[in-house]
$ cat data_39.cif   # mmCIF, C-alpha atoms
data_structure
loop_
_atom_site.label_atom_id
_atom_site.label_comp_id
_atom_site.auth_asym_id
_atom_site.auth_seq_id
_atom_site.Cartn_x
_atom_site.Cartn_y
_atom_site.Cartn_z
CA MET A 1 -2.32 -21.39 -6.50
CA MET A 2 -5.32 -22.05 -8.68
CA LEU A 3 -5.57 -21.97 -12.48
CA VAL A 4 -8.33 -19.46 -13.12
CA ASP A 5 -10.19 -19.32 -16.42
CA ASN A 6 -7.50 -21.56 -17.95
CA GLN A 7 -5.27 -18.54 -18.24
CA THR A 8 -3.06 -18.02 -15.22
CA HIS A 9 -2.41 -19.27 -11.73
CA VAL A 10 -3.71 -16.95 -9.05
CA GLU A 11 -2.93 -17.17 -5.36
CA SER A 12 -6.11 -17.78 -3.41
CA ILE A 13 -7.01 -17.65 0.26
CA ILE A 14 -9.48 -20.05 1.83
CA ASP A 15 -11.72 -18.34 4.37
CA PRO A 16 -14.11 -20.71 6.17
CA GLY A 17 -15.99 -17.72 7.56
CA LEU A 18 -16.93 -16.42 4.14
CA GLN A 19 -20.09 -17.63 2.47
CA ILE A 20 -19.24 -16.61 -1.08
CA ILE A 21 -16.23 -16.46 -3.38
CA THR A 22 -14.78 -13.06 -4.14
CA MET A 23 -12.12 -11.80 -6.50
CA SER A 24 -10.37 -8.47 -6.80
CA ASP A 25 -11.40 -6.33 -9.73
CA ALA A 26 -7.75 -6.05 -10.79
CA VAL A 27 -7.47 -9.81 -11.33
CA CYS A 28 -10.93 -9.89 -12.87
CA HIS A 29 -10.07 -7.19 -15.41
CA ASN A 30 -6.65 -8.63 -16.08
CA LEU A 31 -8.17 -12.00 -16.96
CA GLY A 32 -10.88 -10.33 -19.02
CA LEU A 33 -13.72 -11.89 -17.04
CA HIS A 34 -17.12 -10.30 -17.48
CA TYR A 35 -19.41 -10.01 -14.50
CA ASN A 36 -23.09 -9.25 -14.16
CA PRO A 37 -23.43 -5.84 -12.48
CA HIS A 38 -27.10 -6.47 -11.69
CA ILE A 39 -26.15 -8.92 -8.91
CA GLN A 40 -24.45 -6.86 -6.24
CA LEU A 41 -23.83 -7.51 -2.57
CA ASN A 42 -23.38 -5.27 0.42
CA MET A 43 -20.19 -6.74 1.82
CA GLN A 44 -19.35 -6.09 5.45
CA SER A 45 -15.66 -6.50 6.16
CA ALA A 46 -14.11 -7.59 9.43
CA ASN A 47 -13.43 -3.97 10.29
CA GLY A 48 -17.10 -3.10 9.90
CA ILE A 49 -16.89 -1.21 6.61
CA ILE A 50 -19.69 -1.99 4.15
CA ASP A 51 -18.79 -1.96 0.46
CA LYS A 52 -20.88 -2.84 -2.55
CA SER A 53 -19.55 -5.58 -4.78
CA LEU A 54 -19.18 -4.91 -8.49
CA GLY A 55 -21.00 -7.92 -9.87
CA LEU A 56 -21.11 -11.67 -10.27
CA ALA A 57 -18.97 -13.58 -12.74
CA CYS A 58 -20.71 -16.84 -13.51
CA ASN A 59 -19.23 -20.27 -14.25
CA ILE A 60 -15.57 -19.34 -14.13
CA PRO A 61 -13.49 -22.50 -14.60
CA CYS A 62 -11.01 -22.83 -11.77
CA CYS A 63 -8.63 -25.75 -11.84
CA VAL A 64 -7.32 -27.11 -8.54
CA GLY A 65 -5.02 -30.01 -9.26
CA ASP A 66 -6.94 -32.27 -11.64
CA ILE A 67 -10.35 -30.98 -10.59
CA THR A 68 -12.03 -28.20 -12.54
CA LEU A 69 -14.71 -26.33 -10.63
CA TYR A 70 -17.03 -23.81 -12.22
CA LEU A 71 -17.31 -21.08 -9.62
CA GLN A 72 -19.59 -18.07 -9.22
CA ILE A 73 -17.26 -15.27 -8.21
CA HIS A 74 -18.21 -11.83 -6.92
CA ALA A 75 -15.90 -9.01 -8.04
CA ILE A 76 -14.79 -6.63 -5.28
CA HIS A 77 -13.15 -3.24 -5.76
CA ASP A 78 -9.57 -3.01 -4.51
CA PRO A 79 -9.40 -5.66 -1.78
CA ALA A 80 -6.20 -6.83 -0.10
CA TYR A 81 -6.37 -10.26 -1.73
CA ASN A 82 -6.62 -11.79 -5.18
CA ILE A 83 -9.23 -14.46 -4.57
CA LEU A 84 -10.98 -15.26 -1.32
CA MET A 85 -12.73 -18.62 -1.29
CA GLY A 86 -15.54 -19.24 1.13
CA MET B 1 -7.68 4.48 36.35
CA PHE B 2 -4.46 4.23 38.22
CA PRO B 3 -3.65 1.03 40.11
CA PRO B 4 -4.01 1.24 43.90
CA THR B 5 -0.24 1.07 44.37
CA ILE B 6 0.24 4.59 42.99
CA HIS B 7 -3.17 6.09 43.57
CA ASN B 8 -4.74 6.84 46.90
CA PHE B 9 -8.46 7.22 46.42
CA THR B 10 -8.77 9.79 49.19
CA VAL B 11 -6.07 12.10 47.85
CA PRO B 12 -5.99 13.65 44.36
CA VAL B 13 -3.29 12.44 42.00
CA ASP B 14 -0.08 14.43 41.96
CA LYS B 15 -0.15 16.42 38.71
CA THR B 16 3.64 16.76 38.58
CA SER B 17 4.08 13.03 38.07
CA ASN B 18 1.80 13.00 35.03
CA LYS B 19 3.97 12.47 31.95
CA ASP B 20 1.16 12.39 29.37
CA LYS B 21 2.39 15.53 27.69
CA GLU B 22 5.80 14.05 26.98
CA PRO B 23 6.06 12.03 23.79
CA ALA B 24 6.28 8.33 24.46
CA TYR B 25 8.39 7.66 21.37
CA LYS B 26 9.66 9.33 18.23
CA THR B 27 10.39 8.18 14.73
CA PHE B 28 14.08 7.89 14.09
CA ALA B 29 16.06 6.28 11.28
CA LEU B 30 19.28 4.54 12.23
CA ILE B 31 21.18 6.27 9.48
CA GLN B 32 20.32 9.71 10.85
CA ASN B 33 23.29 11.40 12.46
CA PRO B 34 23.39 15.12 13.37
CA LYS B 35 27.19 15.10 13.19
CA VAL B 36 27.02 14.34 9.47
CA ALA B 37 24.93 17.44 8.87
CA ASP B 38 27.41 19.63 10.74
CA MET B 39 30.32 18.10 8.87
CA ILE B 40 28.67 18.60 5.45
CA TYR B 41 27.76 22.18 6.35
CA LYS B 42 31.34 23.00 7.32
CA ARG B 43 32.66 21.39 4.11
CA SER B 44 30.19 23.29 1.94
CA MET B 45 31.24 26.58 3.47
CA LYS B 46 34.87 26.05 2.58
CA ALA B 47 34.69 24.49 -0.90
CA PRO B 48 32.88 25.38 -4.16
CA SER B 49 31.61 21.81 -4.53
CA VAL B 50 31.04 19.09 -2.00
CA MET B 51 31.33 15.37 -2.55
CA ILE B 52 28.87 13.39 -0.48
CA LEU B 53 28.99 9.71 0.24
CA PRO B 54 25.76 7.72 -0.18
CA GLU B 55 25.68 7.21 3.57
CA GLU B 56 25.86 10.95 4.14
CA LEU B 57 23.21 11.60 1.49
CA LEU B 58 20.82 9.15 3.11
CA SER B 59 21.54 10.66 6.48
CA LEU B 60 20.55 14.10 5.27
CA SER B 61 17.43 13.70 3.18
CA PRO B 62 14.27 11.79 4.12
CA GLU B 63 13.04 12.14 0.52
CA ILE B 64 15.90 9.92 -0.59
CA TRP B 65 14.77 7.34 1.95
CA GLN B 66 11.33 7.23 0.38
CA LYS B 67 12.74 6.88 -3.14
CA MET B 68 15.12 4.18 -2.00
CA CYS B 69 12.30 2.40 -0.21
CA ASP B 70 10.11 2.55 -3.32
CA VAL B 71 12.87 1.07 -5.43
CA VAL B 72 13.78 -1.84 -3.17
CA THR B 73 10.24 -2.79 -2.04
CA PRO B 74 8.94 -5.84 -3.95
CA LYS B 75 5.89 -5.06 -6.04
CA TRP B 76 3.13 -7.35 -7.22
CA VAL B 77 3.68 -7.77 -10.96
CA ILE B 78 1.97 -9.93 -13.51
CA THR B 79 3.87 -13.03 -14.49
CA SER B 80 4.73 -13.80 -18.08
CA ASP B 81 2.06 -16.52 -18.24
CA VAL B 82 -0.67 -13.96 -18.99
CA THR B 83 0.89 -12.44 -22.08
CA GLY B 84 -2.09 -13.60 -24.10
CA SER B 85 -4.63 -11.90 -21.83
CA PRO B 86 -7.04 -9.63 -23.64
CA THR B 87 -6.59 -5.89 -23.45
CA LEU B 88 -9.44 -3.79 -22.20
CA ALA B 89 -10.78 -0.81 -24.07
CA THR B 90 -10.59 2.27 -21.88
CA HIS B 91 -12.28 4.73 -24.20
CA TYR B 92 -15.26 4.14 -26.40
CA ASN B 93 -15.62 6.18 -29.54
CA SER B 94 -19.13 5.90 -30.93
CA GLU B 95 -18.06 7.15 -34.39
CA VAL B 96 -15.57 4.35 -34.96
CA PRO B 97 -17.31 0.98 -35.34
CA LEU B 98 -16.14 -1.70 -33.00
CA PRO B 99 -14.27 -4.61 -34.56
CA PHE B 100 -16.06 -7.90 -35.16
CA VAL B 101 -19.47 -6.19 -35.05
CA GLY B 102 -22.07 -8.25 -36.85
CA GLU B 103 -19.99 -11.38 -37.01
CA VAL B 104 -21.81 -14.55 -36.08
CA ILE B 105 -20.08 -16.60 -33.43
CA ASP B 106 -19.92 -20.26 -34.22
CA PRO B 107 -22.26 -21.94 -31.76
CA GLY B 108 -20.41 -25.21 -31.98
CA PRO B 109 -18.09 -26.47 -29.27
CA VAL B 110 -14.92 -24.48 -28.82
CA HIS B 111 -11.77 -26.53 -28.55
CA MET B 112 -8.28 -25.58 -27.62
CA GLY B 113 -5.13 -27.62 -27.68
CA HIS B 114 -4.41 -30.41 -25.20
CA GLY B 115 -8.07 -30.76 -24.24
CA ILE B 116 -8.05 -27.58 -22.16
CA PRO B 117 -11.43 -25.82 -22.21
CA PRO B 118 -11.36 -22.24 -23.46
CA PRO B 119 -11.59 -19.24 -21.13
CA ALA B 120 -15.09 -18.29 -20.06
CA GLY B 121 -14.82 -14.92 -21.77
CA ILE B 122 -14.76 -16.38 -25.27
CA ILE B 123 -17.46 -18.99 -24.73
CA PRO B 124 -20.72 -17.94 -26.40
CA LYS B 125 -23.58 -17.38 -24.01
CA HIS B 126 -25.58 -20.26 -25.34
CA HIS B 127 -22.63 -22.62 -25.12
CA THR B 128 -23.34 -25.25 -22.51
CA LEU B 129 -20.82 -26.49 -20.00
CA PRO B 130 -19.58 -30.05 -20.15
CA PRO B 131 -22.12 -32.52 -18.71
CA SER B 132 -19.66 -33.71 -16.07
CA ALA B 133 -18.79 -30.19 -14.95
CA ILE B 134 -18.82 -29.50 -11.22
CA ILE B 135 -20.69 -26.22 -10.81
CA ILE B 136 -20.50 -24.56 -7.40
CA PRO B 137 -23.66 -22.45 -7.00
CA ASP B 138 -23.52 -19.01 -5.47
CA PRO B 139 -25.53 -18.92 -2.22
CA TYR B 140 -26.56 -15.31 -2.67
CA GLU B 141 -27.82 -15.85 -6.20
CA THR B 142 -29.64 -18.97 -5.07
CA VAL B 143 -31.36 -17.09 -2.25
CA LEU B 144 -32.11 -14.23 -4.58
CA ASN B 145 -33.91 -16.60 -6.92
CA LEU B 146 -35.75 -18.34 -4.10
CA VAL B 147 -36.90 -15.37 -2.03
CA PRO B 148 -39.72 -14.16 -4.29
CA ASN B 149 -41.28 -17.63 -4.35
CA GLN B 150 -40.94 -18.02 -0.58
CA MET B 151 -42.42 -14.61 0.05
CA PHE B 152 -45.23 -15.45 -2.30
CA SER B 153 -45.92 -18.74 -0.50
CA GLN B 154 -45.78 -17.04 2.90
CA LEU B 155 -48.21 -14.44 1.72
CA GLN B 156 -50.47 -17.22 0.54
CA LYS B 157 -50.30 -18.94 3.95
CA SER B 158 -50.82 -15.77 5.96
CA ARG B 159 -54.01 -14.85 4.21
CA MET B 160 -57.15 -15.23 6.20
CA PRO B 161 -59.62 -17.77 4.83
CA CYS B 162 -62.25 -15.10 4.55
CA ASP B 163 -60.01 -12.94 2.41
CA PRO B 164 -61.67 -12.77 -0.97
CA LEU B 165 -58.28 -12.40 -2.63
#
$ encode --input "data_39.cif" --output "structure tokens"
Amino acid sequence: MMLVDNQTHVESIIDPGLQIITMSDAVCHNLGLHYNPHIQLNMQSANGIIDKSLGLACNIPCCVGDITLYLQIHAIHDPAYNILMG
Amino acid sequence: MFPPTIHNFTVPVDKTSNKDKEPAYKTFALIQNPKVADMIYKRSMKAPSVMILPEELLSLSPEIWQKMCDVVTPKWVITSDVTGSPTLATHYNSEVPLPFVGEVIDPGPVHMGHGIPPPAGIIPKHHTLPPSAIIIPDPYETVLNLVPNQMFSQLQKSRMPCDPL
């Protein structure tokens, strides 16, 4: 559980195989985070499907224990997770 | 391919032993019982109204299973900690002016209680992060910013010396 944007704790999954940090659009909209739609990725999932990310949310404060990290999080449409940390 | 124990490679396979056309399994709920349906049918023929036990009702109607399943399946709900989360506008009416239009946001530092920094959504764009902040860069954005310069330098290196450009 990680305190995201100093608002709520969100369950996150650590994926060593992922190079970026992604967040579901539901959590992103619920927290009111704004993302830059000009930075989009073609994301290839493990099952081979390629989806386009929605945008990049910059400098989102995420608090893990006593450490606050400012993360760059890509918003993904309707994934099976809340936050996936690479 | 069939294993050698049941398949002789010199003789064609016996078609009668092929059970591919038979279903390997079927979906069946434990509460299903054909006797219940017969019993309810006989009762309904002899009485103006029929009282059905919940077990008999679930045995008869798959739609009830789905409704029961929907009711008892845990759903992902938002906890009460995010009651102060902002609401999103779903429709934009150009005739009605948006609230807070024209207001100047105070560029000074934004403070909340207990030393907790404010959410990123209400920080003005020109507001700088704390000097001791740990910022994790995004690899894709970093590459995106670097690629044009690299391509430009590679183009510079690949040019022939006699190229007037």
$ resolve_selection --input "data_39.cif" --expression "the PyMOL selection byres ((chain A and resi 4) around 10)" --output "PDB file with C-alpha atoms, keeping the file's coordinate frame"
ATOM      1  CA  MET A   1      -2.320 -21.390  -6.500  1.00  0.00           C
ATOM      2  CA  MET A   2      -5.320 -22.050  -8.680  1.00  0.00           C
ATOM      3  CA  LEU A   3      -5.570 -21.970 -12.480  1.00  0.00           C
ATOM      4  CA  ASP A   5     -10.190 -19.320 -16.420  1.00  0.00           C
ATOM      5  CA  ASN A   6      -7.500 -21.560 -17.950  1.00  0.00           C
ATOM      6  CA  GLN A   7      -5.270 -18.540 -18.240  1.00  0.00           C
ATOM      7  CA  THR A   8      -3.060 -18.020 -15.220  1.00  0.00           C
ATOM      8  CA  HIS A   9      -2.410 -19.270 -11.730  1.00  0.00           C
ATOM      9  CA  VAL A  10      -3.710 -16.950  -9.050  1.00  0.00           C
ATOM     10  CA  GLU A  11      -2.930 -17.170  -5.360  1.00  0.00           C
ATOM     11  CA  VAL A  27      -7.470  -9.810 -11.330  1.00  0.00           C
ATOM     12  CA  CYS A  28     -10.930  -9.890 -12.870  1.00  0.00           C
ATOM     13  CA  LEU A  31      -8.170 -12.000 -16.960  1.00  0.00           C
ATOM     14  CA  ILE A  60     -15.570 -19.340 -14.130  1.00  0.00           C
ATOM     15  CA  PRO A  61     -13.490 -22.500 -14.600  1.00  0.00           C
ATOM     16  CA  CYS A  62     -11.010 -22.830 -11.770  1.00  0.00           C
ATOM     17  CA  CYS A  63      -8.630 -25.750 -11.840  1.00  0.00           C
ATOM     18  CA  VAL A  64      -7.320 -27.110  -8.540  1.00  0.00           C
ATOM     19  CA  THR A  68     -12.030 -28.200 -12.540  1.00  0.00           C
ATOM     20  CA  LEU A  69     -14.710 -26.330 -10.630  1.00  0.00           C
ATOM     21  CA  TYR A  70     -17.030 -23.810 -12.220  1.00  0.00           C
ATOM     22  CA  LEU A  71     -17.310 -21.080  -9.620  1.00  0.00           C
ATOM     23  CA  ILE A  83      -9.230 -14.460  -4.570  1.00  0.00           C
TER      24      ILE A  83
ATOM     25  CA  PRO B 119     -11.590 -19.240 -21.130  1.00  0.00           C
ATOM     26  CA  ALA B 120     -15.090 -18.290 -20.060  1.00  0.00           C
TER      27      ALA B 120
END
$ residues_around --input "data_39.cif" --residues "Ala57 of chain A" --least-positions-apart "3" --cutoff "9 Å" --atoms "all atoms listed in the file" --output "list in words"
Cys28, Leu33, His34, Tyr35, Asn36, Pro37, Ile60, Leu71, Gln72, Ile73, His74 and Ala75 of chain A
$ write_last_selection --input "data_39.cif" --atoms "C-alpha atoms" --output "PDB file, in the frame of the given file"
ATOM      1  CA  CYS A  28     -10.930  -9.890 -12.870  1.00  0.00           C
ATOM      2  CA  LEU A  33     -13.720 -11.890 -17.040  1.00  0.00           C
ATOM      3  CA  HIS A  34     -17.120 -10.300 -17.480  1.00  0.00           C
ATOM      4  CA  TYR A  35     -19.410 -10.010 -14.500  1.00  0.00           C
ATOM      5  CA  ASN A  36     -23.090  -9.250 -14.160  1.00  0.00           C
ATOM      6  CA  PRO A  37     -23.430  -5.840 -12.480  1.00  0.00           C
ATOM      7  CA  ILE A  60     -15.570 -19.340 -14.130  1.00  0.00           C
ATOM      8  CA  LEU A  71     -17.310 -21.080  -9.620  1.00  0.00           C
ATOM      9  CA  GLN A  72     -19.590 -18.070  -9.220  1.00  0.00           C
ATOM     10  CA  ILE A  73     -17.260 -15.270  -8.210  1.00  0.00           C
ATOM     11  CA  HIS A  74     -18.210 -11.830  -6.920  1.00  0.00           C
ATOM     12  CA  ALA A  75     -15.900  -9.010  -8.040  1.00  0.00           C
TER      13      ALA A  75
END
$ atom_distance --input "data_39.cif" --atom1 "atom CA of Leu56 of chain A" --atom2 "atom CA of Ile136 of chain B"
13.2 Å
$ residues_around --input "data_39.cif" --residues "segment 25-30 of chain B" --least-positions-apart "4" --cutoff "12 Å" --atoms "only C-alpha atoms" --output "list in words"
Asp20, Lys21, Pro34, Glu55, Leu58, Ser59, Leu60, Ser61, Pro62, Trp65 and Gln66 of chain B
$ atom_distance --input "data_39.cif" --atom1 "atom CA of Glu56 of chain B" --atom2 "atom CA of Val36 of chain B"
6.4 Å
$ atom_distance --input "data_39.cif" --atom1 "atom CA of Ala46 of chain A" --atom2 "atom CA of Ser12 of chain A"
18.2 Å
$ residues_around --input "data_39.cif" --residues "Asp15 of chain A" --least-positions-apart "3" --cutoff "8 Å" --atoms "all atoms listed in the file" --output "PyMOL selection string"
chain A and resi 18+84-86
$ resolve_selection --input "data_39.cif" --expression "the PyMOL selection byres ((chain B and resi 40) around 12)" --output "compact mmCIF listing (two decimals) with C-alpha atoms, in the frame of the given file"
# COMPACT_ATOMS: atom_id res chain seq x y z
CA ASN B 33 23.29 11.40 12.46
CA PRO B 34 23.39 15.12 13.37
CA LYS B 35 27.19 15.10 13.19
CA VAL B 36 27.02 14.34 9.47
CA ALA B 37 24.93 17.44 8.87
CA ASP B 38 27.41 19.63 10.74
CA MET B 39 30.32 18.10 8.87
CA TYR B 41 27.76 22.18 6.35
CA LYS B 42 31.34 23.00 7.32
CA ARG B 43 32.66 21.39 4.11
CA SER B 44 30.19 23.29 1.94
CA MET B 45 31.24 26.58 3.47
CA LYS B 46 34.87 26.05 2.58
CA ALA B 47 34.69 24.49 -0.90
CA SER B 49 31.61 21.81 -4.53
CA VAL B 50 31.04 19.09 -2.00
CA MET B 51 31.33 15.37 -2.55
CA ILE B 52 28.87 13.39 -0.48
CA LEU B 53 28.99 9.71 0.24
CA GLU B 55 25.68 7.21 3.57
CA GLU B 56 25.86 10.95 4.14
CA LEU B 57 23.21 11.60 1.49
CA SER B 59 21.54 10.66 6.48
CA LEU B 60 20.55 14.10 5.27
